[in-house]
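The block underneath contains the structure these notes are about, expressed in structure tokens.
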Amino acid sequence: MNIEIFNKKVKTVAKSLTFALGLGALILSTACGNKGPEGVVATVNGVEIKNEDFLVDYAAQRNYVVQMSASEDVLQDPSLENPKMTIAEELRKQTLDNLVQMELVKQDAEKKGIQVNQEEIDKQLEEVINKSGGQEAYEEQLKKVGLTTTFFEKYMKNADMTGKYYEKLQEELKPTEEELKKYYEDNKDIYFSAKASHILVTDVDLANKLKKELDKGADFAELAKENSIDPGSAEKGGDLGEFTNGQMVKPFEDTVKVMKPGEISDPVMTQYGYHIIKLEEKAERPYDDVKEELENLYSQEKIQEYLDKLEKDADIKRYLDPKDEFEVPEEYKIVLPEVATETPEATTEAPEEAEENNAETEEEQ
């Protein structure tokens with residue numbers, strides 16, 4: 001069970017419909033030609049997952065992808081995760097896996113005495129409907145992004161339950177002081193503070209040229225002032241000041257992590273361009289300074305292990321092949337703005353709403 005997917009599932013229920021709809025693709029399922037009991041896509045420890053559950057969730061995920069690409073044709077493109085499958089097939093696989101994982105979590109949550117607070121869910125749903133402008137507007141907004149009221153209300157229940165479940169696991173798997181100190185000793189190279197300078201350019205050939213000049217003894221600060229496109233540090237000779245792990249983009253941080261003071265790196269590519277890094281100082285951060293970070297990382301690893309074992313020990317039967325043909329009924333499909341003839345206002349409003357939904361979702365995550 002993937003901890004990243006699980007963590008996304010336990011986010012607090014959205015306080016506005018716009019934000020909530022953006023999260024619609026996070027909790028989904030799969031299906032196709034039934035090979036098991038009639039109307040059943042899988043069983044988890046004997047509990048059946050119904051075709052209708054798959055249909056509602058798969059349609060939501062499918063519609064999300066279609067809306068983001070503005071075309072149904074994208075569903076037949078090869079999946080980036082598995083080029084032997086189409087995007088539609090990969091979505092069906094992910095959908096079934098997620099339904100199975102959610103059922104596992106529900107069963108374990110029940111054993112731990114965790115229950116959904118239906119009154120709280122009803123209040124949250126009422127707030128969403130009111131902010132949408134009433135029931136009719138709420139249903140229309142869902143329809144525009146290819147979601148059903150059934151899916152959204154199930155999403156809210158799942159979010160409430162998984163949030164409580166995750167908190168329970170954190171409580172049960174919380175490390176002792178001794179365990180945490182040992183964990184620190186095993187992982188303390190991850191936690192550091194450093195001082196460094198960099199030269200940032202957009203052209204790899206220029207980056208390689210500058211590195212050769214530095215290897216021959218050129219002055220780093222002068223080259224940074226003349227060439228770096230980072231306005232915040234260029235005028236200071238590339239000086240970035242002091243920073244700690246977690247503050248820089250990953251490729252930059254991974255490079256600093258293995259460097260020694262005084263070293264100058266080869267060009268490092270990030271989304272900003274190519275960095276040449278000069279490390280001035282680096283030191284391990286003391287245990288007391290990183291204790292909270294350690295607890296979070298430790299908890300994530302232990303929860304991942306717990307969920308993996310939960311899945312491994314379960315009796316899971318899948319009756320669907322993601323490669324089988326599967327047609328979503330028209331009433332579940334999203335109507336793309338360019339083909340919507342009866343509601344011309346959607347042509348101008350839907351793309352903007354899609355961008356806002358996507359941006360707010362990324363910001364929240």
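Just so we're on the same page: first chain in the structure tokens is A, next is B, and so on; residues restart at 1 for each chain, and ligands are numbered from 1 in the order they show up.
Using only C-alpha atoms, the residues found no farther than 12 Å from A:Leu206, other than those of its own chain fewer than 2 positions away, are Ile199, Leu200, Val201, Thr202, Asp203, Val204, Asn208, Lys209, Leu210, Lys211, Lys212, Glu213, Leu223, Asn227, Ser228, Pro267, Gly273, Tyr274, His275 and Ile276 of chain A.
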Excluding stretch 143-157 of chain A and residues on its chain fewer than 3 positions from it, collect all residues at most 7 Å away from it, counting only C-alpha atoms, and give them as a PDB file with N, CA, C and O atoms, in the first residue's frame.
```
ATOM      1  N   VAL A  13     -11.206  17.208   5.109  1.00  0.00           N
ATOM      2  CA  VAL A  13     -12.237  17.450   4.089  1.00  0.00           C
ATOM      3  C   VAL A  13     -12.239  18.917   3.680  1.00  0.00           C
ATOM      4  O   VAL A  13     -12.088  19.814   4.496  1.00  0.00           O
ATOM      5  N   VAL A  56     -18.523   4.319 -10.109  1.00  0.00           N
ATOM      6  CA  VAL A  56     -18.561   5.685  -9.592  1.00  0.00           C
ATOM      7  C   VAL A  56     -17.149   6.249  -9.460  1.00  0.00           C
ATOM      8  O   VAL A  56     -16.864   7.383  -9.874  1.00  0.00           O
ATOM      9  N   ASP A  57     -16.240   5.436  -8.907  1.00  0.00           N
ATOM     10  CA  ASP A  57     -14.882   5.924  -8.669  1.00  0.00           C
ATOM     11  C   ASP A  57     -14.051   6.007  -9.949  1.00  0.00           C
ATOM     12  O   ASP A  57     -13.311   6.964 -10.164  1.00  0.00           O
ATOM     13  N   ALA A  60     -14.988   9.023 -11.985  1.00  0.00           N
ATOM     14  CA  ALA A  60     -14.443  10.273 -11.431  1.00  0.00           C
ATOM     15  C   ALA A  60     -12.990  10.449 -11.829  1.00  0.00           C
ATOM     16  O   ALA A  60     -12.573  11.547 -12.233  1.00  0.00           O
ATOM     17  N   ASN A  63     -12.768  11.072 -15.667  1.00  0.00           N
ATOM     18  CA  ASN A  63     -13.221  12.412 -16.028  1.00  0.00           C
ATOM     19  C   ASN A  63     -12.206  13.481 -15.642  1.00  0.00           C
ATOM     20  O   ASN A  63     -12.051  14.488 -16.336  1.00  0.00           O
ATOM     21  N   TYR A  64     -11.515  13.278 -14.529  1.00  0.00           N
ATOM     22  CA  TYR A  64     -10.492  14.220 -14.092  1.00  0.00           C
ATOM     23  C   TYR A  64      -9.387  14.322 -15.142  1.00  0.00           C
ATOM     24  O   TYR A  64      -8.965  15.411 -15.532  1.00  0.00           O
ATOM     25  N   VAL A 116     -17.177   6.657  11.518  1.00  0.00           N
ATOM     26  CA  VAL A 116     -17.450   7.929  10.853  1.00  0.00           C
ATOM     27  C   VAL A 116     -18.497   8.693  11.647  1.00  0.00           C
ATOM     28  O   VAL A 116     -19.499   8.118  12.071  1.00  0.00           O
ATOM     29  N   ILE A 121     -20.217  14.855   9.085  1.00  0.00           N
ATOM     30  CA  ILE A 121     -20.189  14.782   7.624  1.00  0.00           C
ATOM     31  C   ILE A 121     -21.351  15.581   7.032  1.00  0.00           C
ATOM     32  O   ILE A 121     -21.182  16.330   6.068  1.00  0.00           O
ATOM     33  N   GLU A 139     -24.877  20.444  -7.430  1.00  0.00           N
ATOM     34  CA  GLU A 139     -24.921  19.317  -8.361  1.00  0.00           C
ATOM     35  C   GLU A 139     -24.388  19.705  -9.734  1.00  0.00           C
ATOM     36  O   GLU A 139     -23.713  18.918 -10.397  1.00  0.00           O
ATOM     37  N   GLU A 140     -24.656  20.948 -10.135  1.00  0.00           N
ATOM     38  CA  GLU A 140     -24.175  21.417 -11.439  1.00  0.00           C
ATOM     39  C   GLU A 140     -22.653  21.537 -11.458  1.00  0.00           C
ATOM     40  O   GLU A 140     -22.006  21.172 -12.440  1.00  0.00           O
ATOM     41  N   ASP A 160     -13.007  11.461   6.434  1.00  0.00           N
ATOM     42  CA  ASP A 160     -13.221  11.517   7.879  1.00  0.00           C
ATOM     43  C   ASP A 160     -12.664  10.262   8.552  1.00  0.00           C
ATOM     44  O   ASP A 160     -11.929  10.337   9.551  1.00  0.00           O
ATOM     45  N   MET A 161     -12.978   9.107   7.979  1.00  0.00           N
ATOM     46  CA  MET A 161     -12.541   7.852   8.576  1.00  0.00           C
ATOM     47  C   MET A 161     -11.030   7.669   8.499  1.00  0.00           C
ATOM     48  O   MET A 161     -10.375   7.314   9.478  1.00  0.00           O
ATOM     49  N   TYR A 332     -22.350   9.184 -16.704  1.00  0.00           N
ATOM     50  CA  TYR A 332     -21.211   9.342 -15.801  1.00  0.00           C
ATOM     51  C   TYR A 332     -20.084  10.151 -16.433  1.00  0.00           C
ATOM     52  O   TYR A 332     -19.124  10.520 -15.765  1.00  0.00           O
ATOM     53  N   LYS A 333     -20.168  10.406 -17.733  1.00  0.00           N
ATOM     54  CA  LYS A 333     -19.075  11.084 -18.427  1.00  0.00           C
ATOM     55  C   LYS A 333     -19.146  12.592 -18.265  1.00  0.00           C
ATOM     56  O   LYS A 333     -20.224  13.169 -18.152  1.00  0.00           O
ATOM     57  N   ILE A 334     -17.981  13.209 -18.309  1.00  0.00           N
ATOM     58  CA  ILE A 334     -17.916  14.672 -18.289  1.00  0.00           C
ATOM     59  C   ILE A 334     -18.213  15.195 -19.692  1.00  0.00           C
ATOM     60  O   ILE A 334     -17.846  14.576 -20.689  1.00  0.00           O
TER      61      ILE A 334
END
```
Worksheet, complete the sentence: In terms of only C-alpha atoms, the residue from A:Val128, A:Leu297, A:Leu104, A:Val249 at minimal distance from A:Tyr165 is A:Leu104
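Pairwise distance (atom CA of A:Phe192, atom CA of A:Gln304) equals 25.0 Å.
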Item to complete: Would you mind telling me which residue in A:Val66, A:Val268, A:Ala42, A:Leu240 lies nearest to A:Tyr319 when using only C-alpha atoms?
Response: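 Using only C-alpha atoms, A:Tyr319 sits closest to A:Ala42.
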Practice prompt. Just list the residues in stretch 126-183 of chain A DSSP gives alpha helix (DSSP H) on the backbone, as number ranges by chain.
Written response: A: 126-132, 135-144, 149-172, 177-183
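Taking atom CA of A:Lys106 and atom CA of A:Asn45 as endpoints, the distance between them is 11.7 Å.
You will find atom CA of A:Asp288 at 18.9 Å from atom CA of A:Glu242.
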Worksheet item: Neighbours of A:Ile190 within 9 Å (only C-alpha atoms; same-chain residues fewer than 2 positions away dropped), as a list in words?
Response: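 The residues satisfying every condition are Asn187, Lys188, Phe192, Asn245, Lys257 and Glu284 of chain A.
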Worksheet item: Neighbours of A:Glu281 within 6 Å (only C-alpha atoms; same-chain residues fewer than 2 positions away dropped), as a list in words?
Response: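 The filter keeps Ala194, Lys195, Pro261 and Leu279 of chain A.
Of the residues in stretch 10-169 of chain A, those given strand (DSSP E) by DSSP on the backbone are Val40, Val41, Ala42, Thr43, Val44, Val47, Glu48, Ile49 and Lys50 of chain A.
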Worksheet item: Of the candidates A:Asn98, A:Gln141, A:Gln247, A:Gln170, which shows the shortest atom-to-atom distance to A:Ile49, using only C-alpha atoms?
Response: A:Asn98
